[in-house]
file model.cif (mmCIF, C-alpha atoms and all ligand atoms)
data_query
#
loop_
_atom_site.label_atom_id
_atom_site.label_comp_id
_atom_site.auth_asym_id
_atom_site.auth_seq_id
_atom_site.Cartn_x
_atom_site.Cartn_y
_atom_site.Cartn_z
CA MET A 1 -20.66 6.51 40.29
CA SER A 2 -20.45 2.69 40.40
CA ILE A 3 -18.29 0.72 42.84
CA VAL A 4 -16.19 -0.57 39.94
CA SER A 5 -15.46 2.96 38.70
CA GLN A 6 -13.82 3.66 42.08
CA LYS A 7 -11.20 0.93 41.45
CA PRO A 8 -7.66 1.82 40.38
CA ILE A 9 -6.08 1.58 36.94
CA GLY A 10 -3.04 -0.70 36.74
CA VAL A 11 -0.04 0.65 34.82
CA PHE A 12 3.16 -1.33 34.26
CA ASP A 13 6.54 -1.27 32.59
CA SER A 14 9.84 -3.14 32.91
CA GLY A 15 11.06 -0.32 35.13
CA LEU A 16 10.18 3.30 35.75
CA GLY A 17 9.99 4.39 32.09
CA GLY A 18 6.21 4.04 32.23
CA LEU A 19 6.17 7.00 34.62
CA THR A 20 6.56 9.23 31.58
CA VAL A 21 3.21 7.81 30.48
CA LEU A 22 1.70 7.93 33.97
CA GLU A 23 2.44 11.66 34.05
CA SER A 24 0.24 12.18 30.96
CA LEU A 25 -2.45 9.87 32.36
CA ARG A 26 -2.63 11.82 35.62
CA ALA A 27 -2.59 15.17 33.84
CA ARG A 28 -5.62 14.16 31.75
CA LEU A 29 -7.41 12.07 34.41
CA PRO A 30 -6.47 13.67 37.75
CA ASP A 31 -9.34 12.04 39.66
CA GLU A 32 -8.37 8.48 38.74
CA ASP A 33 -6.50 6.15 41.12
CA PHE A 34 -3.44 4.37 39.71
CA ILE A 35 -1.25 1.45 40.76
CA TYR A 36 2.11 1.60 39.01
CA PHE A 37 4.05 -1.68 38.85
CA SER A 38 7.74 -1.65 37.93
CA ASP A 39 9.11 -5.07 36.93
CA ALA A 40 12.54 -3.90 38.09
CA ARG A 41 13.76 -7.46 38.70
CA HIS A 42 13.59 -8.02 34.94
CA LEU A 43 14.69 -4.63 33.56
CA PRO A 44 15.50 -4.44 30.68
CA TYR A 45 12.87 -6.29 28.64
CA GLY A 46 14.27 -4.96 25.38
CA ASP A 47 16.98 -7.57 24.84
CA LYS A 48 15.14 -10.58 26.30
CA PRO A 49 13.50 -13.37 24.27
CA GLU A 50 9.92 -12.75 23.21
CA PRO A 51 8.40 -15.74 25.12
CA PHE A 52 9.94 -14.43 28.35
CA ILE A 53 8.53 -10.90 27.88
CA ARG A 54 5.14 -12.29 26.86
CA THR A 55 4.89 -14.52 29.94
CA ARG A 56 6.01 -11.75 32.31
CA ALA A 57 3.63 -9.15 30.86
CA GLN A 58 0.70 -11.58 30.99
CA GLN A 59 1.51 -12.53 34.60
CA ILE A 60 1.68 -8.88 35.67
CA ALA A 61 -1.57 -7.98 33.89
CA ALA A 62 -3.29 -10.96 35.52
CA VAL A 63 -2.12 -9.92 38.99
CA LEU A 64 -3.26 -6.31 38.45
CA ALA A 65 -6.67 -7.58 37.30
CA GLU A 66 -6.90 -9.90 40.34
CA CYS A 67 -6.08 -6.90 42.58
CA GLY A 68 -9.31 -5.33 41.32
CA CYS A 69 -7.97 -2.93 38.69
CA LYS A 70 -10.76 -1.65 36.41
CA ALA A 71 -8.40 -1.14 33.44
CA ILE A 72 -4.77 -1.77 32.50
CA VAL A 73 -2.27 0.41 30.68
CA VAL A 74 0.72 -1.41 29.21
CA ALA A 75 3.15 1.51 29.56
CA CYS A 76 5.88 -0.30 27.67
CA ASN A 77 6.34 -0.57 23.89
CA THR A 78 8.34 -3.78 24.28
CA ALA A 79 5.66 -5.52 26.36
CA THR A 80 2.98 -4.35 23.91
CA ALA A 81 4.90 -5.84 20.98
CA ALA A 82 5.25 -9.18 22.75
CA ALA A 83 2.05 -9.49 24.73
CA ALA A 84 -0.76 -7.02 23.96
CA GLU A 85 -2.84 -9.63 22.12
CA GLY A 86 -2.23 -12.27 24.80
CA ILE A 87 -3.21 -9.89 27.60
CA ARG A 88 -6.41 -8.86 25.80
CA ALA A 89 -7.30 -12.52 25.28
CA GLN A 90 -6.82 -13.37 28.96
CA ILE A 91 -8.63 -10.54 30.80
CA VAL A 92 -11.97 -8.83 30.30
CA ILE A 93 -11.23 -5.32 31.62
CA PRO A 94 -10.14 -2.59 29.14
CA VAL A 95 -6.46 -2.83 28.15
CA VAL A 96 -4.75 0.20 26.62
CA ALA A 97 -1.38 -0.61 25.11
CA LEU A 98 1.07 1.82 23.60
CA GLU A 99 3.25 1.44 20.57
CA PRO A 100 5.67 3.69 18.67
CA ALA A 101 3.86 6.75 17.24
CA ILE A 102 4.50 5.85 13.59
CA LYS A 103 1.06 6.98 12.44
CA PRO A 104 1.31 10.61 13.66
CA ALA A 105 4.98 10.74 12.65
CA ALA A 106 4.11 9.79 9.06
CA THR A 107 1.71 12.73 8.89
CA LEU A 108 4.26 15.16 10.37
CA THR A 109 7.26 14.44 8.15
CA ARG A 110 7.99 16.91 5.37
CA ASN A 111 10.91 15.13 3.73
CA GLY A 112 9.54 11.58 4.16
CA ILE A 113 12.36 10.39 6.45
CA LEU A 114 11.36 9.07 9.89
CA GLY A 115 13.71 7.96 12.61
CA VAL A 116 12.64 5.52 15.33
CA LEU A 117 14.49 4.93 18.61
CA ALA A 118 13.28 1.82 20.47
CA THR A 119 14.42 -1.43 22.04
CA THR A 120 15.86 -4.26 19.98
CA HIS A 121 12.76 -6.35 20.64
CA THR A 122 10.24 -3.68 19.65
CA LEU A 123 11.99 -2.99 16.34
CA ALA A 124 12.29 -6.70 15.52
CA SER A 125 8.65 -7.45 16.32
CA ARG A 126 5.97 -8.43 13.82
CA ARG A 127 3.74 -5.77 15.34
CA PHE A 128 6.24 -3.02 14.51
CA ALA A 129 6.65 -4.28 10.92
CA GLN A 130 2.86 -4.19 10.56
CA LEU A 131 2.67 -0.68 12.02
CA VAL A 132 5.18 0.61 9.46
CA LYS A 133 3.45 -1.22 6.62
CA THR A 134 0.05 0.19 7.57
CA HIS A 135 0.93 3.80 8.38
CA ALA A 136 4.29 4.68 6.84
CA ALA A 137 4.41 2.78 3.57
CA GLY A 138 5.40 5.85 1.53
CA THR A 139 8.20 6.99 3.84
CA THR A 140 11.75 5.94 4.62
CA VAL A 141 11.91 4.58 8.17
CA ILE A 142 15.35 4.50 9.80
CA VAL A 143 15.29 2.34 12.92
CA GLN A 144 17.86 2.53 15.71
CA ALA A 145 17.88 0.01 18.55
CA CYS A 146 19.26 1.41 21.80
CA PRO A 147 20.60 -1.44 23.96
CA GLY A 148 21.64 -0.28 27.43
CA LEU A 149 19.88 3.10 27.27
CA ALA A 150 16.82 2.36 29.44
CA GLU A 151 18.97 0.80 32.21
CA ALA A 152 21.53 3.62 32.05
CA ILE A 153 18.76 6.24 32.42
CA GLU A 154 17.52 4.51 35.58
CA SER A 155 20.82 3.48 37.13
CA GLU A 156 23.09 6.40 36.21
CA GLY A 157 20.56 9.18 35.58
CA PRO A 158 19.36 10.98 32.41
CA LYS A 159 22.28 13.41 32.40
CA SER A 160 25.05 10.89 33.19
CA ALA A 161 28.18 10.47 31.09
CA LYS A 162 27.09 6.96 30.16
CA VAL A 163 23.72 8.19 28.82
CA GLU A 164 25.46 10.98 26.88
CA THR A 165 27.79 8.42 25.25
CA LEU A 166 24.89 6.15 24.32
CA LEU A 167 22.90 9.08 22.91
CA ASP A 168 25.89 10.05 20.73
CA ALA A 169 25.99 6.52 19.34
CA TYR A 170 22.25 6.10 18.82
CA VAL A 171 20.95 9.54 17.84
CA ARG A 172 23.67 10.87 15.54
CA PRO A 173 22.93 8.31 12.77
CA LEU A 174 19.35 9.62 12.59
CA ALA A 175 20.62 13.17 12.14
CA SER A 176 23.07 11.98 9.47
CA ALA A 177 20.16 10.26 7.66
CA ASN A 178 18.28 13.62 7.67
CA ALA A 179 15.28 12.35 9.65
CA ASP A 180 12.93 15.31 10.21
CA VAL A 181 10.66 13.40 12.62
CA VAL A 182 11.98 11.09 15.33
CA VAL A 183 9.73 8.74 17.27
CA LEU A 184 10.57 7.89 20.88
CA GLY A 185 9.53 4.23 20.79
CA CYS A 186 10.41 3.42 24.39
CA THR A 187 8.80 4.95 27.45
CA HIS A 188 12.19 5.57 29.07
CA TYR A 189 13.33 7.93 26.32
CA PRO A 190 11.20 11.01 27.17
CA TRP A 191 13.53 11.34 30.20
CA VAL A 192 16.28 12.21 27.70
CA LYS A 193 14.18 14.06 25.12
CA ALA A 194 16.27 17.24 25.42
CA GLY A 195 19.52 15.31 24.91
CA ILE A 196 18.03 13.56 21.87
CA ALA A 197 16.69 16.81 20.37
CA ARG A 198 20.10 18.47 20.85
CA ARG A 199 21.74 15.85 18.62
CA LEU A 200 19.17 16.12 15.82
CA LEU A 201 18.84 18.71 13.05
CA PRO A 202 17.27 21.90 14.50
CA GLU A 203 13.92 21.54 12.68
CA THR A 204 13.35 17.91 13.74
CA THR A 205 10.07 17.02 15.49
CA VAL A 206 10.42 14.52 18.36
CA VAL A 207 7.25 12.51 19.01
CA ASP A 208 6.23 10.42 22.01
CA THR A 209 3.03 8.65 22.93
CA GLY A 210 2.05 9.72 26.46
CA GLU A 211 -0.77 12.10 25.54
CA ALA A 212 -2.25 9.84 22.86
CA VAL A 213 -2.41 6.99 25.39
CA ALA A 214 -4.08 9.26 27.95
CA ARG A 215 -6.74 10.25 25.39
CA GLN A 216 -7.29 6.59 24.48
CA LEU A 217 -7.63 5.59 28.15
CA GLU A 218 -10.13 8.40 28.77
CA ARG A 219 -12.16 7.30 25.74
CA ARG A 220 -12.23 3.65 26.92
CA LEU A 221 -13.20 4.58 30.49
CA LYS A 222 -16.02 6.79 29.20
CA GLU A 223 -17.28 4.05 26.88
CA GLU A 224 -17.41 1.59 29.77
CA ASN A 225 -18.79 4.14 32.22
CA LEU A 226 -15.73 3.65 34.42
CA LEU A 227 -14.54 7.21 35.12
CA GLY A 228 -14.05 7.92 38.83
CA GLY A 229 -11.62 7.75 41.73
CA ARG A 230 -9.88 9.93 44.31
CA GLY A 231 -6.64 10.78 42.55
CA GLN A 232 -4.57 8.31 44.58
CA LEU A 233 -1.31 6.72 43.53
CA ARG A 234 0.37 3.46 44.66
CA PHE A 235 3.69 1.99 43.59
CA ALA A 236 4.78 -1.65 43.58
CA THR A 237 7.76 -3.56 42.23
CA SER A 238 9.17 -7.05 41.72
CA GLY A 239 12.64 -5.62 42.49
CA ASP A 240 14.28 -3.99 45.48
CA ALA A 241 11.54 -1.69 46.82
CA LEU A 242 13.96 0.67 48.57
CA GLN A 243 16.09 1.05 45.49
CA VAL A 244 13.04 1.61 43.26
CA GLY A 245 11.79 4.21 45.76
CA ALA A 246 15.14 6.00 45.59
CA THR A 247 15.10 5.99 41.76
CA LEU A 248 11.53 7.29 41.81
CA ALA A 249 12.61 10.20 43.99
CA ARG A 250 15.70 10.92 41.90
CA LEU A 251 14.03 10.68 38.48
CA CYS A 252 10.67 12.32 39.17
CA GLY A 253 10.83 13.90 42.59
CA ILE A 254 8.10 11.51 43.84
CA PHE A 255 8.65 10.46 47.45
CA ALA A 256 6.28 7.54 48.02
CA PRO A 257 6.39 4.09 49.61
CA VAL A 258 6.98 1.25 47.15
CA GLU A 259 5.34 -2.12 47.87
CA SER A 260 7.23 -5.33 47.22
CA TRP A 261 5.17 -7.77 45.13
CA ALA A 262 6.28 -11.36 44.55
CA ILE A 263 5.24 -11.79 40.93
N1 LIG A 301 10.27 1.16 28.65
C1 LIG A 301 10.24 0.01 27.81
C2 LIG A 301 9.60 0.28 26.46
O1 LIG A 301 8.81 1.19 26.31
C3 LIG A 301 11.50 -0.77 27.57
C4 LIG A 301 12.70 -0.71 28.40
C5 LIG A 301 13.32 -2.08 28.52
O2 LIG A 301 14.13 -2.48 27.67
O3 LIG A 301 12.94 -2.74 29.47
O4 LIG A 301 9.85 -0.44 25.51
#

call {"tool": "encode", "arguments": {"input": "model.cif", "output": "structure tokens"}}
result
Amino acid sequence: MSIVSQKPIGVFDSGLGGLTVLESLRARLPDEDFIYFSDARHLPYGDKPEPFIRTRAQQIAAVLAECGCKAIVVACNTATAAAAEGIRAQIVIPVVALEPAIKPAATLTRNGILGVLATTHTLASRRFAQLVKTHAAGTTVIVQACPGLAEAIESEGPKSAKVETLLDAYVRPLASANADVVVLGCTHYPWVKAGIARRLLPETTVVDTGEAVARQLERRLKEENLLGGRGQLRFATSGDALQVGATLARLCGIFAPVESWAI
């Protein structure tokens, strides 16, 4: 095993939504070391201007690369839409970025109606339009932006009254449109997958991207001969480290120190 293969993999999101992805990464690659960075100071990304998200995501990726990460996972659909190309142009290590699972959804639908829940920015992005054009041209795609949902999941909790109200507003229109496949196009939404499924028609398939990203990361690490590590996990944030630590414990039952990084 090379020295480089012993280095960690950097994973980041605007907040703790990327932990839904990290869970799949660790399940598939239990021996890898990960550093998870939550840009809590700037949560949410979803309603911010594209240049801001692009600059932030590129800065974070650069810092993770400088820290010695052997690969980076952009565990945020919004950051991918704004910055995946820029990040790949600026660093040489493998970058795995996730985007809404339109391609698998288009193969799963039986009635040709797909619903997509994501941030305002993701749905308005050129990248998303291209994704739909390439993989779902023959289907009807109903998009639903969900402002406020990612923050409410973190601040109030996945089962809070506020989250329930937002889910009523955002999910019911997809059921009314008869969507038989719904894509979770934001890494925060798997926290509320049960609440989303409950509001959809009973036979609806709900798709997220965690496992596909884990497979893609494994493939890239193998290609580059970079598999290896000790299964360690570190957390860092641009926000209030104590508060992020408390949210981490509340949302995922992980009790771990959170480092404060001035990015
Ligand atoms: N979790 C992020 C995503 O996948 C977005 C949440 C936010 O708006 O910051 O798009």

call {"tool": "closest_atom_pairs", "arguments": {"input": "model.cif", "of": "chain A", "to": "ligand LIG 301 (chain A)", "cutoff": "6 Å", "atoms": "all atoms listed in the file", "output": "tab-separated table"}}
result
residue	atom	partner	partner_atom	distance
A:Asp13	CA	A:LIG301	N1	5.9
A:Ser14	CA	A:LIG301	O3	4.6
A:Gly17	CA	A:LIG301	N1	4.7
A:Leu43	CA	A:LIG301	O3	4.8
A:Pro44	CA	A:LIG301	O3	3.3
A:Tyr45	CA	A:LIG301	O3	3.6
A:Gly46	CA	A:LIG301	O2	3.4
A:Cys76	CA	A:LIG301	O1	3.6
A:Asn77	CA	A:LIG301	O4	3.9
A:Thr78	CA	A:LIG301	O4	3.9
A:Thr119	CA	A:LIG301	O2	5.7
A:Ala150	CA	A:LIG301	C4	5.2
A:Cys186	CA	A:LIG301	O1	3.3
A:Thr187	CA	A:LIG301	O1	3.9
A:His188	CA	A:LIG301	N1	4.8

call {"tool": "closest_residue", "arguments": {"input": "model.cif", "among": "A:Glu156, A:Leu200, A:Gly115, A:Ala106", "to": "Gly138 in chain A", "atoms": "all atoms listed in the file"}}
result
A:Ala106

call {"tool": "atom_distance", "arguments": {"input": "model.cif", "atom1": "CA of Gly185 in chain A", "atom2": "CA of Val207 in chain A"}}
result
8.8 Å

call {"tool": "atom_distance", "arguments": {"input": "model.cif", "atom1": "CA of Arg219 in chain A", "atom2": "CA of Val74 in chain A"}}
result
15.9 Å

call {"tool": "atom_distance", "arguments": {"input": "model.cif", "atom1": "CA of Glu50 in chain A", "atom2": "CA of Pro100 in chain A"}}
result
17.6 Å

call {"tool": "residues_around", "arguments": {"input": "model.cif", "residues": "Gly10 in chain A", "least_positions_apart": "3", "cutoff": "6 Å", "atoms": "only C-alpha atoms", "output": "PDB file with C-alpha atoms, in the coordinates of the input"}}
result
ATOM      1  CA  PHE A  34      -3.440   4.370  39.710  1.00  0.00           C
ATOM      2  CA  ILE A  35      -1.250   1.450  40.760  1.00  0.00           C
ATOM      3  CA  LEU A  64      -3.260  -6.310  38.450  1.00  0.00           C
ATOM      4  CA  CYS A  69      -7.970  -2.930  38.690  1.00  0.00           C
ATOM      5  CA  ILE A  72      -4.770  -1.770  32.500  1.00  0.00           C
TER       6      ILE A  72
END

call {"tool": "decode", "arguments": {"input": "model.cif", "residues": "range 140-154 of chain A", "atoms": "all heavy atoms", "output": "CSV table (one decimal), in the first residue's frame"}}
result
chain,number,residue,atom,x,y,z
A,140,THR,N,-41.9,13.1,-18.5
A,140,THR,CA,-42.3,14.4,-18.0
A,140,THR,C,-41.6,14.6,-16.6
A,140,THR,O,-41.7,13.7,-15.8
A,140,THR,CB,-43.9,14.4,-17.7
A,140,THR,OG1,-44.5,14.1,-19.0
A,140,THR,CG2,-44.4,15.7,-17.2
A,141,VAL,N,-40.9,15.7,-16.5
A,141,VAL,CA,-40.1,15.9,-15.2
A,141,VAL,C,-40.8,17.1,-14.5
A,141,VAL,O,-40.8,18.2,-15.0
A,141,VAL,CB,-38.6,16.2,-15.5
A,141,VAL,CG1,-37.9,16.4,-14.3
A,141,VAL,CG2,-38.0,15.0,-16.3
A,142,ILE,N,-41.3,16.8,-13.3
A,142,ILE,CA,-41.9,17.8,-12.5
A,142,ILE,C,-40.9,18.2,-11.4
A,142,ILE,O,-40.5,17.3,-10.6
A,142,ILE,CB,-43.2,17.2,-11.7
A,142,ILE,CG1,-44.0,16.4,-12.6
A,142,ILE,CG2,-43.9,18.4,-11.0
A,142,ILE,CD1,-45.0,17.1,-13.5
A,143,VAL,N,-40.5,19.4,-11.4
A,143,VAL,CA,-39.5,19.8,-10.5
A,143,VAL,C,-40.1,20.6,-9.3
A,143,VAL,O,-41.0,21.4,-9.5
A,143,VAL,CB,-38.3,20.7,-11.1
A,143,VAL,CG1,-37.6,19.9,-12.2
A,143,VAL,CG2,-38.8,22.0,-11.7
A,144,GLN,N,-39.6,20.4,-8.1
A,144,GLN,CA,-40.1,21.2,-7.0
A,144,GLN,C,-38.9,21.6,-6.1
A,144,GLN,O,-38.2,20.9,-5.5
A,144,GLN,CB,-41.0,20.2,-6.1
A,144,GLN,CG,-41.5,20.8,-4.8
A,144,GLN,CD,-42.4,22.0,-5.1
A,144,GLN,OE1,-43.5,21.9,-5.7
A,144,GLN,NE2,-42.1,23.2,-4.6
A,145,ALA,N,-38.7,23.0,-6.1
A,145,ALA,CA,-37.7,23.5,-5.3
A,145,ALA,C,-38.2,23.5,-3.8
A,145,ALA,O,-39.4,23.7,-3.6
A,145,ALA,CB,-37.4,25.0,-5.7
A,146,CYS,N,-37.3,23.4,-2.9
A,146,CYS,CA,-37.7,23.2,-1.5
A,146,CYS,C,-37.0,24.2,-0.6
A,146,CYS,O,-36.2,23.8,0.4
A,146,CYS,CB,-37.4,21.8,-1.0
A,146,CYS,SG,-38.0,20.5,-2.0
A,147,PRO,N,-37.1,25.6,-0.8
A,147,PRO,CA,-36.5,26.5,0.1
A,147,PRO,C,-36.8,26.3,1.5
A,147,PRO,O,-38.0,26.0,1.9
A,147,PRO,CB,-37.0,27.9,-0.4
A,147,PRO,CG,-38.0,27.6,-1.4
A,147,PRO,CD,-38.0,26.2,-1.8
A,148,GLY,N,-35.8,26.4,2.4
A,148,GLY,CA,-36.0,26.3,3.8
A,148,GLY,C,-35.9,24.9,4.4
A,148,GLY,O,-35.8,24.7,5.6
A,149,LEU,N,-36.0,23.8,3.5
A,149,LEU,CA,-36.1,22.5,4.0
A,149,LEU,C,-34.8,22.0,4.6
A,149,LEU,O,-34.8,21.4,5.7
A,149,LEU,CB,-36.6,21.5,2.9
A,149,LEU,CG,-36.8,20.1,3.3
A,149,LEU,CD1,-37.8,20.0,4.5
A,149,LEU,CD2,-37.4,19.3,2.1
A,150,ALA,N,-33.7,22.2,3.9
A,150,ALA,CA,-32.4,21.7,4.4
A,150,ALA,C,-32.1,22.3,5.8
A,150,ALA,O,-31.7,21.6,6.8
A,150,ALA,CB,-31.3,22.0,3.4
A,151,GLU,N,-32.3,23.7,5.9
A,151,GLU,CA,-32.0,24.3,7.2
A,151,GLU,C,-32.9,23.8,8.3
A,151,GLU,O,-32.5,23.6,9.4
A,151,GLU,CB,-32.2,25.8,7.2
A,151,GLU,CG,-31.5,26.6,6.1
A,151,GLU,CD,-32.4,26.8,4.9
A,151,GLU,OE1,-32.6,25.8,4.2
A,151,GLU,OE2,-32.9,27.9,4.7
A,152,ALA,N,-34.2,23.6,8.0
A,152,ALA,CA,-35.2,23.2,9.0
A,152,ALA,C,-34.8,21.8,9.5
A,152,ALA,O,-35.0,21.5,10.7
A,152,ALA,CB,-36.6,23.2,8.4
A,153,ILE,N,-34.4,20.9,8.6
A,153,ILE,CA,-34.0,19.5,9.0
A,153,ILE,C,-32.8,19.6,10.0
A,153,ILE,O,-32.9,18.9,11.0
A,153,ILE,CB,-33.6,18.7,7.7
A,153,ILE,CG1,-34.8,18.4,6.9
A,153,ILE,CG2,-32.9,17.4,8.2
A,153,ILE,CD1,-34.4,17.8,5.5
A,154,GLU,N,-31.9,20.5,9.7
A,154,GLU,CA,-30.7,20.6,10.7
A,154,GLU,C,-31.1,21.4,12.0
A,154,GLU,O,-30.8,20.9,13.0
A,154,GLU,CB,-29.6,21.4,10.0
A,154,GLU,CG,-28.9,20.5,9.0
A,154,GLU,CD,-27.4,20.9,8.8
A,154,GLU,OE1,-26.8,21.5,9.7
A,154,GLU,OE2,-26.9,20.6,7.7
